[in-house]
Amino acid sequence: MKRALLFSVALLALAFDASSAQSLLGSRGLGLPLEPLDARARGVGSVGIGLWGSGLLPSDPAASAGILNPSIQITIQPQWDRGTLDEVEQSTQATRFPLIALGYPVPALRGTVALTFGGFFDQRWEFQEETTTELGGATLPVTDRFISDGGVSTVQIGWAQVLGENFSVAGGIGTRAGSVTRTFVRVLDSVGEGVQVAPFRQRGTWQYSGLTGNLGARWGPTTYLSLSGSMSWSSALKAEPSDDTAGDRAEYDTPLVLRFGAAGLLTPQLSMNLGLSYADWKGSANGLDGASVVGSAWSFGGGLEWIGTRMAGRAVPLRLGMRRSDLPFTFDGAAPTETVFSGGFGLNLAGTQDLLGGGVDVGLERGTRDGGSYSETFWRASLTFRVASW
Amino acid sequence: MTARNQARRMETLSIGTASVGLSLILLFSVSGCQEDLITDVEGDLIPIDAVTVESRLPFSEFAQDLQVWGGYGRPYQLAGPIVAKSFGGILDVRTVAGLSAYPLSASVRDTLGTTRTDSALTFVGGKVVVTIDTLSSVYDGPVTLAVGALQNDWDFRSVSWALAVDSVGDTQAWPEPGAGPVVNVATGVWDPADGDTLVVALDSAGAATWADTADARRGLRLDALTDGVRLDVKSVNLLLTTRPSLNPDTLIELTVGSRGRTFVYTPELEAPENEIQVGGVPAWRSVFKMNLPRTLNGPPELCAQVVCPLTLTPESLISASLVLHTKAPPLAFQPTDSIWMDVRQVLEPTRLPKSPIGGSLVGLFGIRLSPEDFAGDAGVEVNLPLGNFVEALIGARDDPDQDVAETIALLSIFEPLSLNYLSFYGPDSPLGPELRLILTIGEEVRIR
């Protein structure tokens, strides 16, 4: 099994170059939110907090307090979008790696160190426009393209501490990372026989930085109920141009994010989770077009997880969920929303004699996004590999 | 192994297999993750304003010091010789071919059927076999060709219409211009209707013409006697008919080896004034120095779209072409087949005409020009792409570390390529060379 898992991870590594453009909604503001969620959270419609049991999610830092063994997990997320803008259809496919997490419990201190590398905003998108230009007395076709490639991510380290029998708290600090390269390309065609025309390119690259921190808590008032809360703070997100970039530096305020979640056991094999998050983006208009920032952005979602199904002697969790989220940046003057119905399952690959625990979680979401003149439907798959106690 | 362990092992194996299978499925889906269709919409989705403009600079604004140099290559380096008589009213061309010594022996089957070497050969006749390239040749009916025997020392590498030898330290003129005089050996009529081969029969006296093994100047001259023709000769061979002593009832043919073949022609061309000339044999090169302006301040159509003066930058340049207008050469030298033209940097202009030259600026295969481009008086516009070169020139002005040779040569892709040459209007003509620049000026890319 160890070989099988290693081979699986190697296969995923081969896929890193496959990333491509994503939703057109990512062209506004700081991009499309890329939440650091794993396949289990996606499967049950979570907003990133309030799942039953322990986990490694930067949005629910106290959840890592229950981890028993050193663990590492990686999530890969392909997505297929089909959208319509002003009756023009477009489709994109892209793959993201929204979360890589490492948890290391310290039993002597009843705590866990968690290191996460997660997404924040995805800024990969591309537009193409067909126009004409007058050149030498002739009207020639011109293709203009604008390509944004990159995004903002977060590297964070935190500590989760168990206090008493059913209460834990956590805190962490981190830094924003990532970069974006924005390129304008103009291509002229059919200028004339023997005339070679190179594409015109103009580009700029910016490196992101900034600080972030979070606090979280989890309380289990009964054996069948768990309540969670967290808040994430960010300093201004700074974008520094590279030496060969003519554009200016920029700075954006990002809001405090508050999350609340609850999870309960409905039966010994069926759990339910509910979650809610809130961020006020009104104060983030600096550096951005004020009209492009929505006010309050709410997300709520929830779902069920059934662990009664078994395959090859091991539990195969089945999940269902639903979620609705406000996106923080307007498109064509409207505040877009994302609605998702999700499902998923897990495969526990624990090998007792190998002292190796692990598993694969798969989440599949069918969603819609609507924003002004643009609407799209999408399929989003998430696959999380978990390895523990190696 | 216990049954329980075996079962666990089977479980582990099946789950591991499932894991790998899932990964393969996901890898398949991920590896297909490319854009199907990028958005094509109107509106403000391209956050950059850009304008594309064209400017045509006359020769005096982008270059200087046009010179035409000749002497590159010799006729013997061409694929085949030529014969012509008053072609285009002016061109006479004669093929000259050196001959090796006659064979002294041959393998012959005697009357008993045994193959033996016979060194007592009797040459009773022979023939000169000429093969014509019927596609590229110009003729109008049968053509009479004459075979003559050269009477003077000559050098096939340096021979010309006037000179039998023209090498360093040794110059010898023909007693009679045009590789003459010759001893007339035979004549023949080539009728295109009979195919591409002319066989000129030789009697025993004709066969004996080149029999002296001590005669190092041994060679034949092939002349056209019909006016207004130009024949491209693919091959000229002398075959001897011999009667072997071992089997006198049999005649056999032996081929005489060749010692090089070439052609001589008249008139020889002079370097033109105010004209760009490329190709020919020996080949011509037209050389000039680039002298690009730093800014563009016109024409009015340009300044109507951008702020003038407009500084030339490598970033804004998306196309640069040298625009030439073809000019018909004299009919005798007009191209009859495609000619590929090249542009190269002259690395040490002070050593012209023997300066080393750089790599091609227009690509490995050059620019193909068709014979129709040079057939009429009006001429056609020819664009030679020089984008990378001009971009390097502009970039080098502000970068002392860059050293870009500014002098360029227009030449044929191989030298020599053909007797015909390319001609273009020179700087003083209204149809003179231009540098066509296409520029795109765009706003800087901002992060938001």
# chains A, B, ... in the order shown; residues from 1 in each chain; ligands from 1
call {"tool": "residues_around", "arguments": {"residues": "range 176-186 of chain B", "least_positions_apart": "6", "cutoff": "10 Å", "atoms": "only C-alpha atoms", "output": "PyMOL selection string"}}
result
chain B and resi 92-96+127-128+145-152+154+159-164+200-203+205-207+209+219-221+223+263-266
call {"tool": "residues_around", "arguments": {"residues": "Pro107 in chain A", "least_positions_apart": "2", "cutoff": "12 Å", "atoms": "only C-alpha atoms", "output": "PDB file with all heavy atoms, in the first residue's frame"}}
result
ATOM      1  N   ALA A  65      -6.517  19.951  16.780  1.00  0.00           N
ATOM      2  CA  ALA A  65      -6.146  19.522  18.135  1.00  0.00           C
ATOM      3  C   ALA A  65      -6.402  18.030  18.338  1.00  0.00           C
ATOM      4  O   ALA A  65      -5.775  17.413  19.182  1.00  0.00           O
ATOM      5  CB  ALA A  65      -6.916  20.346  19.167  1.00  0.00           C
ATOM      6  N   GLY A  66      -7.306  17.457  17.585  1.00  0.00           N
ATOM      7  CA  GLY A  66      -7.627  16.060  17.795  1.00  0.00           C
ATOM      8  C   GLY A  66      -6.807  15.092  16.989  1.00  0.00           C
ATOM      9  O   GLY A  66      -7.053  13.886  17.009  1.00  0.00           O
ATOM     10  N   ILE A  67      -5.863  15.553  16.253  1.00  0.00           N
ATOM     11  CA  ILE A  67      -5.057  14.655  15.422  1.00  0.00           C
ATOM     12  C   ILE A  67      -4.186  13.774  16.310  1.00  0.00           C
ATOM     13  O   ILE A  67      -3.539  14.271  17.234  1.00  0.00           O
ATOM     14  CB  ILE A  67      -4.198  15.480  14.447  1.00  0.00           C
ATOM     15  CG1 ILE A  67      -5.097  16.098  13.389  1.00  0.00           C
ATOM     16  CG2 ILE A  67      -3.142  14.606  13.793  1.00  0.00           C
ATOM     17  CD1 ILE A  67      -4.354  16.988  12.436  1.00  0.00           C
ATOM     18  N   LEU A  68      -4.203  12.480  16.046  1.00  0.00           N
ATOM     19  CA  LEU A  68      -3.464  11.543  16.898  1.00  0.00           C
ATOM     20  C   LEU A  68      -2.060  11.265  16.380  1.00  0.00           C
ATOM     21  O   LEU A  68      -1.163  10.981  17.148  1.00  0.00           O
ATOM     22  CB  LEU A  68      -4.232  10.225  16.987  1.00  0.00           C
ATOM     23  CG  LEU A  68      -5.635  10.325  17.610  1.00  0.00           C
ATOM     24  CD1 LEU A  68      -6.329   8.973  17.567  1.00  0.00           C
ATOM     25  CD2 LEU A  68      -5.541  10.843  19.043  1.00  0.00           C
ATOM     26  N   ASN A  69      -1.879  11.339  15.064  1.00  0.00           N
ATOM     27  CA  ASN A  69      -0.594  10.957  14.480  1.00  0.00           C
ATOM     28  C   ASN A  69      -0.107  12.048  13.526  1.00  0.00           C
ATOM     29  O   ASN A  69      -0.921  12.785  12.967  1.00  0.00           O
ATOM     30  CB  ASN A  69      -0.738   9.660  13.683  1.00  0.00           C
ATOM     31  CG  ASN A  69      -1.184   8.519  14.567  1.00  0.00           C
ATOM     32  OD1 ASN A  69      -0.592   8.256  15.602  1.00  0.00           O
ATOM     33  ND2 ASN A  69      -2.264   7.869  14.176  1.00  0.00           N
ATOM     34  N   PRO A  70       1.189  12.127  13.330  1.00  0.00           N
ATOM     35  CA  PRO A  70       1.696  13.067  12.308  1.00  0.00           C
ATOM     36  C   PRO A  70       1.029  12.768  10.962  1.00  0.00           C
ATOM     37  O   PRO A  70       0.938  11.608  10.553  1.00  0.00           O
ATOM     38  CB  PRO A  70       3.189  12.784  12.258  1.00  0.00           C
ATOM     39  CG  PRO A  70       3.497  12.230  13.597  1.00  0.00           C
ATOM     40  CD  PRO A  70       2.289  11.459  14.018  1.00  0.00           C
ATOM     41  N   TYR A 104       1.393  17.883  13.179  1.00  0.00           N
ATOM     42  CA  TYR A 104       2.314  17.089  14.005  1.00  0.00           C
ATOM     43  C   TYR A 104       1.895  17.221  15.474  1.00  0.00           C
ATOM     44  O   TYR A 104       2.131  18.251  16.111  1.00  0.00           O
ATOM     45  CB  TYR A 104       3.747  17.587  13.824  1.00  0.00           C
ATOM     46  CG  TYR A 104       4.768  16.606  14.337  1.00  0.00           C
ATOM     47  CD1 TYR A 104       5.290  15.628  13.517  1.00  0.00           C
ATOM     48  CD2 TYR A 104       5.187  16.648  15.673  1.00  0.00           C
ATOM     49  CE1 TYR A 104       6.204  14.716  13.983  1.00  0.00           C
ATOM     50  CE2 TYR A 104       6.105  15.735  16.152  1.00  0.00           C
ATOM     51  CZ  TYR A 104       6.615  14.766  15.294  1.00  0.00           C
ATOM     52  OH  TYR A 104       7.516  13.858  15.791  1.00  0.00           O
ATOM     53  N   PRO A 105       1.267  16.182  15.990  1.00  0.00           N
ATOM     54  CA  PRO A 105       0.813  16.271  17.388  1.00  0.00           C
ATOM     55  C   PRO A 105       1.985  16.139  18.375  1.00  0.00           C
ATOM     56  O   PRO A 105       2.947  15.419  18.108  1.00  0.00           O
ATOM     57  CB  PRO A 105      -0.143  15.090  17.513  1.00  0.00           C
ATOM     58  CG  PRO A 105       0.273  14.133  16.453  1.00  0.00           C
ATOM     59  CD  PRO A 105       0.856  14.933  15.338  1.00  0.00           C
ATOM     60  N   LEU A 109       2.324  17.787  25.345  1.00  0.00           N
ATOM     61  CA  LEU A 109       1.754  19.117  25.584  1.00  0.00           C
ATOM     62  C   LEU A 109       0.265  19.168  25.233  1.00  0.00           C
ATOM     63  O   LEU A 109      -0.346  20.227  25.327  1.00  0.00           O
ATOM     64  CB  LEU A 109       2.508  20.164  24.758  1.00  0.00           C
ATOM     65  CG  LEU A 109       4.009  20.294  25.049  1.00  0.00           C
ATOM     66  CD1 LEU A 109       4.654  21.290  24.087  1.00  0.00           C
ATOM     67  CD2 LEU A 109       4.230  20.735  26.482  1.00  0.00           C
ATOM     68  N   ARG A 110      -0.270  18.043  24.788  1.00  0.00           N
ATOM     69  CA  ARG A 110      -1.685  17.939  24.372  1.00  0.00           C
ATOM     70  C   ARG A 110      -1.991  18.971  23.280  1.00  0.00           C
ATOM     71  O   ARG A 110      -3.020  19.629  23.295  1.00  0.00           O
ATOM     72  CB  ARG A 110      -2.618  18.123  25.561  1.00  0.00           C
ATOM     73  CG  ARG A 110      -2.392  17.126  26.701  1.00  0.00           C
ATOM     74  CD  ARG A 110      -3.420  17.301  27.761  1.00  0.00           C
ATOM     75  NE  ARG A 110      -4.748  16.912  27.300  1.00  0.00           N
ATOM     76  CZ  ARG A 110      -5.889  17.277  27.885  1.00  0.00           C
ATOM     77  NH1 ARG A 110      -5.848  18.055  28.953  1.00  0.00           N
ATOM     78  NH2 ARG A 110      -7.049  16.878  27.416  1.00  0.00           N
ATOM     79  N   GLY A 111      -1.053  19.127  22.391  1.00  0.00           N
ATOM     80  CA  GLY A 111      -1.265  20.099  21.312  1.00  0.00           C
ATOM     81  C   GLY A 111      -0.793  19.568  19.967  1.00  0.00           C
ATOM     82  O   GLY A 111      -0.225  18.478  19.870  1.00  0.00           O
ATOM     83  N   THR A 112      -1.029  20.345  18.951  1.00  0.00           N
ATOM     84  CA  THR A 112      -0.659  19.953  17.590  1.00  0.00           C
ATOM     85  C   THR A 112      -0.095  21.168  16.847  1.00  0.00           C
ATOM     86  O   THR A 112      -0.663  22.271  16.926  1.00  0.00           O
ATOM     87  CB  THR A 112      -1.881  19.433  16.815  1.00  0.00           C
ATOM     88  OG1 THR A 112      -2.428  18.313  17.499  1.00  0.00           O
ATOM     89  CG2 THR A 112      -1.496  19.024  15.390  1.00  0.00           C
ATOM     90  N   VAL A 113       1.006  20.931  16.172  1.00  0.00           N
ATOM     91  CA  VAL A 113       1.531  21.954  15.265  1.00  0.00           C
ATOM     92  C   VAL A 113       0.920  21.701  13.886  1.00  0.00           C
ATOM     93  O   VAL A 113       0.909  20.559  13.415  1.00  0.00           O
ATOM     94  CB  VAL A 113       3.067  21.870  15.166  1.00  0.00           C
ATOM     95  CG1 VAL A 113       3.593  22.919  14.191  1.00  0.00           C
ATOM     96  CG2 VAL A 113       3.701  22.046  16.521  1.00  0.00           C
ATOM     97  N   ALA A 160      -2.559  24.184  18.013  1.00  0.00           N
ATOM     98  CA  ALA A 160      -3.880  23.886  18.571  1.00  0.00           C
ATOM     99  C   ALA A 160      -3.684  23.195  19.917  1.00  0.00           C
ATOM    100  O   ALA A 160      -2.910  22.236  20.013  1.00  0.00           O
ATOM    101  CB  ALA A 160      -4.658  22.995  17.614  1.00  0.00           C
ATOM    102  N   GLN A 161      -4.380  23.684  20.930  1.00  0.00           N
ATOM    103  CA  GLN A 161      -4.172  23.178  22.297  1.00  0.00           C
ATOM    104  C   GLN A 161      -5.475  22.629  22.843  1.00  0.00           C
ATOM    105  O   GLN A 161      -6.521  23.283  22.797  1.00  0.00           O
ATOM    106  CB  GLN A 161      -3.690  24.331  23.195  1.00  0.00           C
ATOM    107  CG  GLN A 161      -3.458  23.953  24.634  1.00  0.00           C
ATOM    108  CD  GLN A 161      -2.263  23.021  24.796  1.00  0.00           C
ATOM    109  OE1 GLN A 161      -1.178  23.298  24.280  1.00  0.00           O
ATOM    110  NE2 GLN A 161      -2.457  21.888  25.465  1.00  0.00           N
ATOM    111  N   VAL A 162      -5.391  21.402  23.365  1.00  0.00           N
ATOM    112  CA  VAL A 162      -6.547  20.806  24.027  1.00  0.00           C
ATOM    113  C   VAL A 162      -6.582  21.316  25.463  1.00  0.00           C
ATOM    114  O   VAL A 162      -5.579  21.258  26.176  1.00  0.00           O
ATOM    115  CB  VAL A 162      -6.469  19.271  24.014  1.00  0.00           C
ATOM    116  CG1 VAL A 162      -7.631  18.666  24.787  1.00  0.00           C
ATOM    117  CG2 VAL A 162      -6.448  18.763  22.584  1.00  0.00           C
TER     118      VAL A 162
END
call {"tool": "atom_distance", "arguments": {"atom1": "CA of Ser91 in chain A", "atom2": "CA of Phe117 in chain A"}}
result
28.5 Å
call {"tool": "select_by_dssp", "arguments": {"residues": "range 275-344 of chain A", "states": "helix (DSSP H, G or I)", "output": "ChimeraX atom specification"}}
result
/A:282-284,290-292
call {"tool": "residues_around", "arguments": {"residues": "Glu251 in chain A", "least_positions_apart": "5", "cutoff": "6 Å", "atoms": "only C-alpha atoms", "output": "number ranges by chain"}}
result
A: 237-238, 287
call {"tool": "write_last_selection", "arguments": {"atoms": "N, CA, C and O atoms", "output": "PDB file, in the first residue's frame"}}
result
ATOM      1  N   LEU A 237      -2.647  43.503   1.832  1.00  0.00           N
ATOM      2  CA  LEU A 237      -1.988  42.647   0.844  1.00  0.00           C
ATOM      3  C   LEU A 237      -1.177  43.548  -0.094  1.00  0.00           C
ATOM      4  O   LEU A 237      -1.733  44.427  -0.746  1.00  0.00           O
ATOM      5  N   LYS A 238       0.128  43.326  -0.118  1.00  0.00           N
ATOM      6  CA  LYS A 238       1.007  44.183  -0.918  1.00  0.00           C
ATOM      7  C   LYS A 238       1.398  43.472  -2.205  1.00  0.00           C
ATOM      8  O   LYS A 238       1.701  42.277  -2.184  1.00  0.00           O
ATOM      9  N   GLY A 287      -7.184  50.700  -3.583  1.00  0.00           N
ATOM     10  CA  GLY A 287      -6.418  49.878  -4.518  1.00  0.00           C
ATOM     11  C   GLY A 287      -7.282  49.188  -5.542  1.00  0.00           C
ATOM     12  O   GLY A 287      -6.804  48.730  -6.560  1.00  0.00           O
TER      13      GLY A 287
END
call {"tool": "residues_around", "arguments": {"residues": "Glu301 in chain B", "least_positions_apart": "5", "cutoff": "9 Å", "atoms": "only C-alpha atoms", "output": "mmCIF file with N, CA and C atoms, in the first residue's frame"}}
result
data_model
loop_
_atom_site.group_PDB
_atom_site.id
_atom_site.type_symbol
_atom_site.label_atom_id
_atom_site.label_comp_id
_atom_site.auth_asym_id
_atom_site.auth_seq_id
_atom_site.Cartn_x
_atom_site.Cartn_y
_atom_site.Cartn_z
ATOM 1 N N VAL B 53 0.449 51.209 -35.658
ATOM 2 C CA VAL B 53 0.671 52.176 -36.734
ATOM 3 C C VAL B 53 1.772 51.665 -37.653
ATOM 4 N N GLU B 54 1.789 52.247 -38.850
ATOM 5 C CA GLU B 54 2.795 51.867 -39.843
ATOM 6 C C GLU B 54 3.569 53.105 -40.283
ATOM 7 N N SER B 55 4.842 52.924 -40.512
ATOM 8 C CA SER B 55 5.656 54.009 -41.055
ATOM 9 C C SER B 55 6.566 53.439 -42.137
#
call {"tool": "atom_distance", "arguments": {"atom1": "CA of Ser228 in chain A", "atom2": "CA of Pro98 in chain A"}}
result
22.1 Å
call {"tool": "residues_around", "arguments": {"residues": "Ser360 in chain B", "least_positions_apart": "6", "cutoff": "7 Å", "atoms": "only C-alpha atoms", "output": "short mmCIF file (atom, residue, chain, number, x, y, z; two decimals) with N, CA and C atoms, in the first residue's frame"}}
result
data_model
loop_
_atom_site.label_atom_id
_atom_site.label_comp_id
_atom_site.auth_asym_id
_atom_site.auth_seq_id
_atom_site.Cartn_x
_atom_site.Cartn_y
_atom_site.Cartn_z
N ASP B 342 18.81 36.46 -50.20
CA ASP B 342 19.22 36.42 -48.80
C ASP B 342 19.66 37.80 -48.35
N VAL B 343 19.63 38.02 -47.05
CA VAL B 343 20.16 39.25 -46.46
C VAL B 343 21.06 38.84 -45.31
N ARG B 344 22.26 39.35 -45.31
CA ARG B 344 23.21 39.02 -44.24
C ARG B 344 23.96 40.25 -43.78
#
call {"tool": "select_by_dssp", "arguments": {"residues": "range 274-316 of chain B", "states": "strand (DSSP E or B)", "output": "JSON, numbers by chain"}}
result
{"B": [275, 276, 277, 278, 279, 283, 284, 285, 286, 287, 288, 289, 290, 295, 296, 310, 311]}
call {"tool": "closest_residue", "arguments": {"among": "A:Pro61, A:Pro36, A:Gly372, A:Gly43", "to": "Leu320 in chain A", "atoms": "only C-alpha atoms"}}
result
A:Gly43
call {"tool": "residues_around", "arguments": {"residues": "Phe333 in chain B", "least_positions_apart": "3", "cutoff": "10 Å", "atoms": "only C-alpha atoms", "output": "list in words"}}
result
Phe87, Gly88, Ile90, Leu91, Gly280, Ala328, Pro329, Pro330, Thr336, Ser418, Leu419, Asn420, Tyr421, Leu422 and Ser423 of chain B
call {"tool": "write_last_selection", "arguments": {"atoms": "N, CA and C atoms", "output": "JSON list (two decimals), in the first residue's frame"}}
result
[["chain", "number", "residue", "atom", "x", "y", "z"],
["B", 87, "PHE", "N", 21.17, 35.70, -77.58],
["B", 87, "PHE", "CA", 19.96, 35.58, -76.77],
["B", 87, "PHE", "C", 19.63, 36.95, -76.17],
["B", 88, "GLY", "N", 18.39, 37.36, -76.33],
["B", 88, "GLY", "CA", 18.02, 38.70, -75.90],
["B", 88, "GLY", "C", 18.71, 39.77, -76.70],
["B", 90, "ILE", "N", 21.79, 40.15, -77.11],
["B", 90, "ILE", "CA", 23.14, 40.55, -76.67],
["B", 90, "ILE", "C", 23.97, 39.40, -76.13],
["B", 91, "LEU", "N", 23.36, 38.33, -75.74],
["B", 91, "LEU", "CA", 24.09, 37.33, -74.95],
["B", 91, "LEU", "C", 24.58, 36.17, -75.81],
["B", 280, "GLY", "N", 23.56, 36.51, -60.40],
["B", 280, "GLY", "CA", 24.42, 36.45, -61.57],
["B", 280, "GLY", "C", 25.63, 35.60, -61.29],
["B", 328, "ALA", "N", 13.14, 45.10, -64.24],
["B", 328, "ALA", "CA", 13.47, 44.06, -65.21],
["B", 328, "ALA", "C", 14.91, 44.22, -65.68],
["B", 329, "PRO", "N", 15.75, 43.19, -65.52],
["B", 329, "PRO", "CA", 17.10, 43.24, -66.10],
["B", 329, "PRO", "C", 16.99, 43.11, -67.62],
["B", 330, "PRO", "N", 18.09, 43.30, -68.36],
["B", 330, "PRO", "CA", 18.04, 43.01, -69.80],
["B", 330, "PRO", "C", 17.49, 41.61, -70.04],
["B", 336, "THR", "N", 14.75, 32.99, -65.36],
["B", 336, "THR", "CA", 13.81, 32.06, -65.99],
["B", 336, "THR", "C", 13.34, 31.00, -65.00],
["B", 418, "SER", "N", 22.80, 31.46, -60.56],
["B", 418, "SER", "CA", 22.45, 31.33, -61.98],
["B", 418, "SER", "C", 23.11, 32.48, -62.74],
["B", 419, "LEU", "N", 23.11, 32.36, -64.06],
["B", 419, "LEU", "CA", 23.63, 33.44, -64.88],
["B", 419, "LEU", "C", 22.75, 34.68, -64.77],
["B", 420, "ASN", "N", 21.48, 34.46, -64.51],
["B", 420, "ASN", "CA", 20.54, 35.57, -64.42],
["B", 420, "ASN", "C", 20.68, 36.28, -63.07],
["B", 421, "TYR", "N", 20.30, 37.52, -63.04],
["B", 421, "TYR", "CA", 20.42, 38.25, -61.79],
["B", 421, "TYR", "C", 19.14, 39.02, -61.51],
["B", 422, "LEU", "N", 19.05, 39.53, -60.27],
["B", 422, "LEU", "CA", 17.89, 40.28, -59.81],
["B", 422, "LEU", "C", 18.24, 41.75, -59.78],
["B", 423, "SER", "N", 17.30, 42.55, -60.19],
["B", 423, "SER", "CA", 17.54, 43.99, -60.23],
["B", 423, "SER", "C", 16.39, 44.71, -59.54]]
call {"tool": "closest_residue", "arguments": {"among": "A:Asp332, A:Asp149, A:Glu126, A:Asp253", "to": "chain B", "atoms": "only C-alpha atoms"}}
result
A:Glu126
call {"tool": "residues_around", "arguments": {"residues": "Gln77 in chain A", "least_positions_apart": "3", "cutoff": "7 Å", "atoms": "only C-alpha atoms", "output": "PyMOL selection string"}}
result
chain A and resi 95-97+380-383
